[in-house]
Structure formats: structure tokens, C-alpha cells
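Have a look at coords.cif below; it lists mmCIF, C-alpha atoms.
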```cif
data_protein
#
loop_
_atom_site.label_atom_id
_atom_site.label_comp_id
_atom_site.auth_asym_id
_atom_site.auth_seq_id
_atom_site.Cartn_x
_atom_site.Cartn_y
_atom_site.Cartn_z
CA LEU A 1 -11.86 -31.84 46.58
CA ILE A 2 -12.08 -32.89 42.92
CA GLY A 3 -15.14 -34.99 43.70
CA ALA A 4 -16.83 -31.94 45.17
CA ILE A 5 -16.15 -30.02 41.97
CA ILE A 6 -17.27 -32.54 39.34
CA ALA A 7 -20.06 -34.30 41.25
CA ARG A 8 -23.54 -32.88 40.72
CA ASN A 9 -24.88 -33.66 44.19
CA ASN A 10 -23.85 -35.07 47.56
CA GLU A 11 -24.84 -38.62 46.62
CA GLU A 12 -22.70 -38.59 43.49
CA LYS A 13 -19.83 -36.99 45.43
CA ALA A 14 -19.95 -39.76 48.05
CA LEU A 15 -19.97 -42.45 45.35
CA TYR A 16 -17.11 -40.73 43.53
CA ASN A 17 -15.03 -40.69 46.72
CA PHE A 18 -15.88 -44.35 47.39
CA THR A 19 -14.76 -45.42 43.92
CA ALA A 20 -11.60 -43.31 44.14
CA THR A 21 -10.74 -45.05 47.41
CA MET A 22 -11.37 -48.48 45.91
CA ILE A 23 -9.18 -47.68 42.91
CA LYS A 24 -6.38 -46.68 45.27
CA THR A 25 -6.68 -49.58 47.73
CA GLU A 26 -8.01 -52.55 45.74
CA ARG A 27 -4.90 -54.67 45.18
CA GLU A 28 -6.24 -56.95 42.44
CA PHE A 29 -7.74 -54.01 40.58
CA LYS A 30 -4.32 -52.35 40.46
CA LEU A 31 -2.56 -55.57 39.46
CA LYS A 32 -4.90 -56.07 36.51
CA THR A 33 -5.17 -52.46 35.32
CA TYR A 34 -1.77 -50.88 35.91
CA PRO A 35 -0.08 -52.90 33.12
CA ALA A 36 -2.64 -51.45 30.67
CA LEU A 37 -1.99 -48.05 32.21
CA GLY A 38 1.74 -48.47 31.59
CA LEU A 39 1.17 -49.50 27.98
CA SER A 40 -1.00 -46.42 27.47
CA ILE A 41 1.99 -44.30 28.45
CA VAL A 42 4.45 -46.17 26.25
CA LEU A 43 2.45 -46.81 23.06
CA PRO A 44 2.35 -43.22 21.71
CA PHE A 45 6.13 -43.02 21.98
CA ILE A 46 6.65 -46.38 20.28
CA ILE A 47 5.08 -44.81 17.20
CA LEU A 48 7.24 -41.67 17.48
CA PHE A 49 10.50 -43.58 17.84
CA GLN A 50 10.07 -45.78 14.79
CA PRO A 51 13.02 -45.93 12.37
CA GLY A 52 12.91 -43.12 9.84
CA ILE A 53 11.14 -40.62 12.12
CA ASN A 54 13.28 -37.62 13.01
CA ILE A 55 12.26 -36.45 16.49
CA SER A 56 13.73 -32.99 15.89
CA GLN A 57 11.47 -32.47 12.87
CA LEU A 58 8.11 -33.49 14.32
CA VAL A 59 6.68 -29.95 14.22
CA GLY A 60 4.18 -29.71 11.38
CA THR A 61 3.62 -33.46 11.16
CA LYS A 62 0.53 -35.40 12.25
CA PHE A 63 2.34 -37.88 14.49
CA TYR A 64 0.72 -36.26 17.53
CA LEU A 65 -2.34 -38.32 16.61
CA SER A 66 -0.54 -41.23 18.29
CA LEU A 67 -1.92 -39.73 21.53
CA TYR A 68 -5.10 -41.66 20.73
CA MET A 69 -3.22 -44.72 21.97
CA CYS A 70 -3.65 -43.41 25.51
CA SER A 71 -7.17 -44.86 25.42
CA PHE A 72 -5.62 -48.35 25.27
CA MET A 73 -6.29 -48.64 29.02
CA LEU A 74 -10.04 -48.05 28.89
CA PRO A 75 -11.42 -51.54 28.10
CA GLN A 76 -9.43 -53.24 30.83
CA ILE A 77 -10.29 -50.62 33.43
CA VAL A 78 -14.03 -50.51 32.77
CA ILE A 79 -14.19 -54.30 32.84
CA MET A 80 -12.29 -54.51 36.13
CA LEU A 81 -14.58 -51.94 37.75
CA GLN A 82 -17.10 -54.76 38.20
CA TYR A 83 -14.79 -56.92 40.30
CA SER A 84 -13.34 -56.88 43.79
CA GLN A 85 -11.73 -59.19 46.34
CA ASN A 86 -14.24 -57.80 48.81
CA TYR A 87 -17.21 -58.11 46.48
CA LYS A 88 -19.50 -59.27 49.31
CA GLY A 89 -19.22 -55.79 50.73
CA ALA A 90 -21.68 -54.72 48.03
CA PHE A 91 -24.44 -55.70 50.45
CA ILE A 92 -24.02 -52.28 52.06
CA PHE A 93 -25.89 -50.77 49.11
CA ARG A 94 -28.99 -52.62 50.21
CA ILE A 95 -29.21 -50.46 53.31
CA THR A 96 -28.30 -47.14 51.70
CA PRO A 97 -30.77 -44.68 50.15
CA LEU A 98 -29.16 -45.24 46.73
CA THR A 99 -31.88 -46.46 44.36
CA ASN A 100 -30.45 -45.57 40.94
CA ILE A 101 -27.44 -47.50 39.73
CA ASN A 102 -26.83 -44.90 37.00
CA THR A 103 -25.75 -42.45 39.68
CA TYR A 104 -23.10 -44.89 40.86
CA LYS A 105 -21.98 -45.70 37.33
CA LYS A 106 -21.54 -42.04 36.46
CA ALA A 107 -19.63 -41.35 39.66
CA ALA A 108 -17.44 -44.43 39.17
CA LEU A 109 -16.59 -43.48 35.60
CA LYS A 110 -15.70 -39.95 36.67
CA ALA A 111 -13.38 -41.38 39.32
CA VAL A 112 -11.64 -43.57 36.73
CA ILE A 113 -11.15 -40.62 34.40
CA ILE A 114 -9.81 -38.28 37.08
CA LYS A 115 -7.66 -40.80 38.94
CA LEU A 116 -6.29 -42.86 36.04
CA LEU A 117 -6.90 -41.41 32.58
CA PHE A 118 -6.37 -37.72 33.32
CA PRO A 119 -2.91 -37.97 34.99
CA VAL A 120 -1.56 -40.13 32.18
CA TYR A 121 -2.96 -37.85 29.50
CA ILE A 122 -1.64 -34.69 31.17
CA LEU A 123 1.84 -36.21 31.33
CA GLU A 124 1.69 -37.28 27.68
CA SER A 125 0.30 -33.91 26.59
CA ILE A 126 3.11 -31.95 28.23
CA ILE A 127 5.70 -34.05 26.44
CA PHE A 128 3.87 -33.79 23.12
CA LEU A 129 3.51 -30.02 23.48
CA TYR A 130 7.26 -29.83 23.93
CA LEU A 131 7.87 -31.97 20.85
CA PHE A 132 5.18 -30.51 18.57
CA LYS A 133 4.87 -26.99 20.05
CA ILE A 134 1.79 -25.15 21.32
CA THR A 135 0.05 -25.23 17.93
CA ILE A 136 -1.27 -28.73 18.68
CA LEU A 137 -3.12 -27.62 21.84
CA PRO A 138 -6.57 -27.69 20.11
CA ASP A 139 -5.76 -31.21 18.86
CA ILE A 140 -4.84 -32.32 22.37
CA ILE A 141 -8.21 -31.07 23.60
CA ILE A 142 -9.97 -32.92 20.77
CA ILE A 143 -8.23 -36.19 21.63
CA PHE A 144 -9.12 -35.88 25.30
CA VAL A 145 -12.79 -35.17 24.57
CA THR A 146 -12.81 -38.14 22.23
CA MET A 147 -11.46 -40.34 25.01
CA LEU A 148 -14.25 -39.12 27.29
CA ILE A 149 -16.69 -40.35 24.64
CA PHE A 150 -14.78 -43.66 24.40
CA SER A 151 -15.04 -44.11 28.14
CA VAL A 152 -18.85 -43.80 28.20
CA ILE A 153 -19.28 -46.16 25.24
CA SER A 154 -17.00 -48.77 26.82
CA TYR A 155 -18.65 -48.43 30.21
CA LYS A 156 -22.20 -48.76 28.90
CA LEU A 157 -21.25 -52.01 27.17
CA ILE A 158 -20.60 -53.56 30.59
CA GLY A 159 -24.30 -53.67 31.45
CA ASN A 160 -25.97 -52.80 34.75
CA SER A 161 -23.65 -54.62 37.12
CA LEU A 162 -22.86 -52.80 40.33
CA PRO A 163 -19.18 -51.74 40.40
CA PHE A 164 -16.95 -53.84 42.67
CA SER A 165 -19.73 -56.38 43.21
CA LYS A 166 -18.39 -59.51 41.46
CA PRO A 167 -15.64 -61.95 42.48
CA ILE A 168 -12.45 -61.56 40.48
CA VAL A 169 -12.34 -65.25 39.55
CA ASN A 170 -15.32 -64.67 37.26
CA THR A 171 -13.72 -61.96 35.12
CA GLU A 172 -15.02 -62.18 31.57
CA LYS A 173 -11.98 -62.23 29.30
CA GLY A 174 -14.09 -62.59 26.17
CA VAL A 175 -16.00 -59.41 26.93
CA ALA A 176 -12.74 -57.62 27.67
CA MET A 177 -11.35 -58.60 24.27
CA ILE A 178 -14.51 -57.47 22.48
CA LEU A 179 -14.34 -54.13 24.26
CA PHE A 180 -10.68 -53.82 23.44
CA PHE A 181 -11.17 -54.31 19.72
CA LEU A 182 -14.23 -52.05 19.71
CA VAL A 183 -12.32 -49.22 21.35
CA MET A 184 -9.39 -49.75 19.00
CA LEU A 185 -11.77 -49.57 16.03
CA LEU A 186 -13.41 -46.41 17.35
CA GLN A 187 -9.99 -45.04 18.09
CA GLY A 188 -8.93 -45.55 14.50
CA ILE A 189 -12.15 -44.03 13.13
CA PHE A 190 -11.89 -40.92 15.29
CA ALA A 191 -8.19 -40.55 14.58
CA GLY A 192 -8.96 -40.76 10.85
CA ILE A 193 -11.68 -38.11 11.12
CA HIS A 194 -9.33 -35.94 13.18
CA PHE A 195 -6.67 -36.23 10.47
CA VAL A 196 -9.16 -35.22 7.77
CA VAL A 197 -10.41 -32.13 9.62
CA THR A 198 -6.85 -30.87 10.03
CA LEU A 199 -6.68 -30.53 6.25
CA PHE A 200 -9.31 -27.76 6.26
CA PRO A 201 -8.90 -24.18 7.49
CA PHE A 202 -10.35 -23.89 11.00
CA GLY A 203 -11.47 -27.52 10.70
CA VAL A 204 -9.96 -28.40 14.07
CA TYR A 205 -11.91 -25.65 15.82
CA PHE A 206 -15.26 -26.61 14.29
CA TYR A 207 -14.59 -30.26 15.06
CA SER A 208 -13.71 -29.50 18.67
CA VAL A 209 -17.03 -27.69 19.16
CA PHE A 210 -18.88 -30.60 17.54
CA LEU A 211 -17.17 -33.12 19.84
CA LEU A 212 -17.91 -31.06 22.93
CA VAL A 213 -21.61 -31.12 22.04
CA ILE A 214 -21.51 -34.88 21.38
CA ASN A 215 -19.67 -35.45 24.64
CA TYR A 216 -22.27 -33.49 26.59
CA LEU A 217 -25.13 -35.37 24.96
CA ILE A 218 -23.62 -38.83 25.44
CA TRP A 219 -22.86 -38.20 29.12
CA HIS A 220 -26.34 -36.79 29.64
CA PHE A 221 -28.34 -39.52 27.92
CA ALA A 222 -26.11 -42.50 28.83
CA PHE A 223 -26.88 -41.97 32.52
CA LYS A 224 -30.33 -40.49 32.18
CA GLY A 225 -33.31 -42.15 33.83
CA LYS A 226 -33.46 -44.44 36.81
CA THR A 227 -32.25 -48.02 36.72
CA PRO A 228 -33.25 -49.91 39.90
CA LEU A 229 -30.32 -50.90 42.06
CA LYS A 230 -29.86 -54.68 42.13
CA THR A 231 -27.20 -56.12 44.36
CA PRO A 232 -26.09 -59.73 43.98
CA ASP A 233 -27.23 -62.43 46.36
CA PHE A 234 -24.39 -63.93 48.33
#
```

Conversion result in C-alpha cells:
Amino acid sequence: LIGAIIARNNEEKALYNFTATMIKTEREFKLKTYPALGLSIVLPFIILFQPGINISQLVGTKFYLSLYMCSFMLPQIVIMLQYSQNYKGAFIFRITPLTNINTYKKAALKAVIIKLLFPVYILESIIFLYLFKITILPDIIIIFVTMLIFSVISYKLIGNSLPFSKPIVNTEKGVAMILFFLVMLLQGIFAGIHFVVTLFPFGVYFYSVFLLVINYLIWHFAFKGKTPLKTPDF
């Protein structure tokens, strides 16, 4: 149902549903990504529960910016999207009408966001709204849009590999670490900008509009054009 809503055409919808199924059933994918998913849930609260922070007096503070730590999961997930125990099954794409790998990449990334990132962030946001009150709702939207931008940047750094088309034994730990530190750096930069805009009247609202435009542009141009589909030789 969600795939039918966010996919632009039947091809993208089918690829979204395929990736969502793989995320749910691929055992090694879950083993290697769920720990990062768990840390993404815990990290924001580690910051909140530091000594000297009074939980009952969080309203009016900027500690809600710790929600940026939810994007901790992104590097590991986008790296693992390349790998599968059943990687030889990628041959099926040779006999399908799919000719543009960008369509698959876009659909796969949407599946990751909806199936993994979105549930975690919704859970965290509900708790943070309770702790910081409804006034931080625009900030919660800003952080989520920023994470959508993070996800595209991280995913494009992978290259043009077909998702779930490589054996897991060849996972590239060095690339994963580079992506991790890059996302952490971007995370810190965006969190710093977010903090600065909160110091100005209506700054949060102007910044949210700016990010929405940037998010639209990056999703549009990152997957624009046709990249020939190349499946590995087995």
C-alpha cells in the first residue's frame, strides 16, 4: 500500500515491494543492520540522560537536536543494500524490462526509509514531543528532512552496484567507515546550522522551507537520467 503511494510508476512500485521483501526476509542483512538500528534508537537518549541534565526541565533547551543521532544507521544500511546471501538471484534482472538502475536505486532507498528509518524516527519523535512539548514539531520535521538528504548522499556514494547483487563475504568495511564518518560530519554540520537558525525569529520556518526545496532537488537530480543496468557475471 505504501509502495503504491510513494512510487511514481508501476515499475518503481514493483522494485519498492521487492526491496521491502528483501529487507524483511534477508537474514544476513538484518544481522548486520539491526545493531545499527538499535544504536540509532538509544543514542539520542544517551545524550539526554547525561549527568547534570534534568529531564523535567528539558522544555526550552536545545537537547532535542540529539535526534540527529537517529541517522547513525544510514551508512551501514546503504552499504549492506549491495549484498545478499542469494546474490546470484540478481540474474533475474537480465530478463526483465528494467534498463535503468537509477529506478531501482530510488525504489530501494525509499523502501529503506519507509521500512527502517521512518518507524524509528516516529517512535523517537513521539517521545521527544512528550519531553519537549509540541513547540519542537517544526524542528522534528527539519531533522527528518535532513535525514532524507543524508540518505541520498550516502546512497550515491555507493556507486552503481545493483542492490542485493554482491556476496556478503566481500563487504567493504573501509567504505562503510568512510561513509560513517562522512554522515557524522554532515550530521554535525546540519545540527550546527539548525542550532543557529533557532536563534532567529521565524528562522526555523524559513530553514524548513529551504531544506524542503533542497531535498526535492537532490532526490530529483540524484536519480535523474538513465544509467544502463549491469548485472554481475556469475

Can you tell me how far atom CA of A:Leu131 sits from atom CA of A:Thr198, in Å to one decimal?
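So the answer is 18.3 Å.
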
When distances are computed from only C-alpha atoms, which of A:Lys13, A:Lys24, A:Lys62, A:His194 shows the smallest separation from A:Val145?
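Of the candidates, the smallest distance to A:Val145 is held by A:His194.
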
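Among the candidates A:Leu116, A:Met69, A:Ile141, A:Leu199, the one nearest to A:Leu186 when counting all atoms listed in the file is A:Met69.
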
Residue neighbourhood A:Lys106, 12 Å, only C-alpha atoms, exclusion window fewer than 5 positions, as an mmCIF file with C-alpha atoms, in the coordinates of the input:
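After the write, selection-v8.cif holds the following:
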```cif
data_model
loop_
_atom_site.group_PDB
_atom_site.id
_atom_site.type_symbol
_atom_site.label_atom_id
_atom_site.label_comp_id
_atom_site.auth_asym_id
_atom_site.auth_seq_id
_atom_site.Cartn_x
_atom_site.Cartn_y
_atom_site.Cartn_z
ATOM 1 C CA GLY A 3 -15.140 -34.990 43.700
ATOM 2 C CA ILE A 6 -17.270 -32.540 39.340
ATOM 3 C CA ALA A 7 -20.060 -34.300 41.250
ATOM 4 C CA ARG A 8 -23.540 -32.880 40.720
ATOM 5 C CA ASN A 9 -24.880 -33.660 44.190
ATOM 6 C CA GLU A 11 -24.840 -38.620 46.620
ATOM 7 C CA GLU A 12 -22.700 -38.590 43.490
ATOM 8 C CA LYS A 13 -19.830 -36.990 45.430
ATOM 9 C CA ALA A 14 -19.950 -39.760 48.050
ATOM 10 C CA LEU A 15 -19.970 -42.450 45.350
ATOM 11 C CA TYR A 16 -17.110 -40.730 43.530
ATOM 12 C CA THR A 19 -14.760 -45.420 43.920
ATOM 13 C CA VAL A 78 -14.030 -50.510 32.770
ATOM 14 C CA ASN A 100 -30.450 -45.570 40.940
ATOM 15 C CA ILE A 101 -27.440 -47.500 39.730
ATOM 16 C CA ALA A 111 -13.380 -41.380 39.320
ATOM 17 C CA VAL A 112 -11.640 -43.570 36.730
ATOM 18 C CA ILE A 113 -11.150 -40.620 34.400
ATOM 19 C CA SER A 151 -15.040 -44.110 28.140
ATOM 20 C CA VAL A 152 -18.850 -43.800 28.200
ATOM 21 C CA TYR A 155 -18.650 -48.430 30.210
ATOM 22 C CA LYS A 156 -22.200 -48.760 28.900
ATOM 23 C CA ASN A 160 -25.970 -52.800 34.750
ATOM 24 C CA LEU A 162 -22.860 -52.800 40.330
ATOM 25 C CA PRO A 163 -19.180 -51.740 40.400
ATOM 26 C CA ILE A 218 -23.620 -38.830 25.440
ATOM 27 C CA TRP A 219 -22.860 -38.200 29.120
ATOM 28 C CA HIS A 220 -26.340 -36.790 29.640
ATOM 29 C CA PHE A 221 -28.340 -39.520 27.920
ATOM 30 C CA ALA A 222 -26.110 -42.500 28.830
ATOM 31 C CA PHE A 223 -26.880 -41.970 32.520
ATOM 32 C CA LYS A 224 -30.330 -40.490 32.180
#
```

Proximity to A:Tyr68 - best of A:Leu217, A:Ile47, A:Ala20, A:Ile127, all atoms listed in the file:
A:Ile47

Contacts of A:Ile140 at 12 Å (all atoms listed in the file; same-chain gap of 4+ positions) as a ChimeraX atom specification:
/A:62,64-68,70,121-129,132-136,144-147,191,194,204-205,208

Using all atoms listed in the file, which of A:Val209, A:Ala107, A:Val196, A:Leu117 sits nearest A:Gly38?
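Closest to A:Gly38 of all the choices is A:Leu117.
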
Nearest candidate to A:Phe72 (options A:Ile142, A:Val183, A:Ile178, A:Ile114; using all atoms listed in the file)
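The answer is A:Val183, which sits nearest to A:Phe72.
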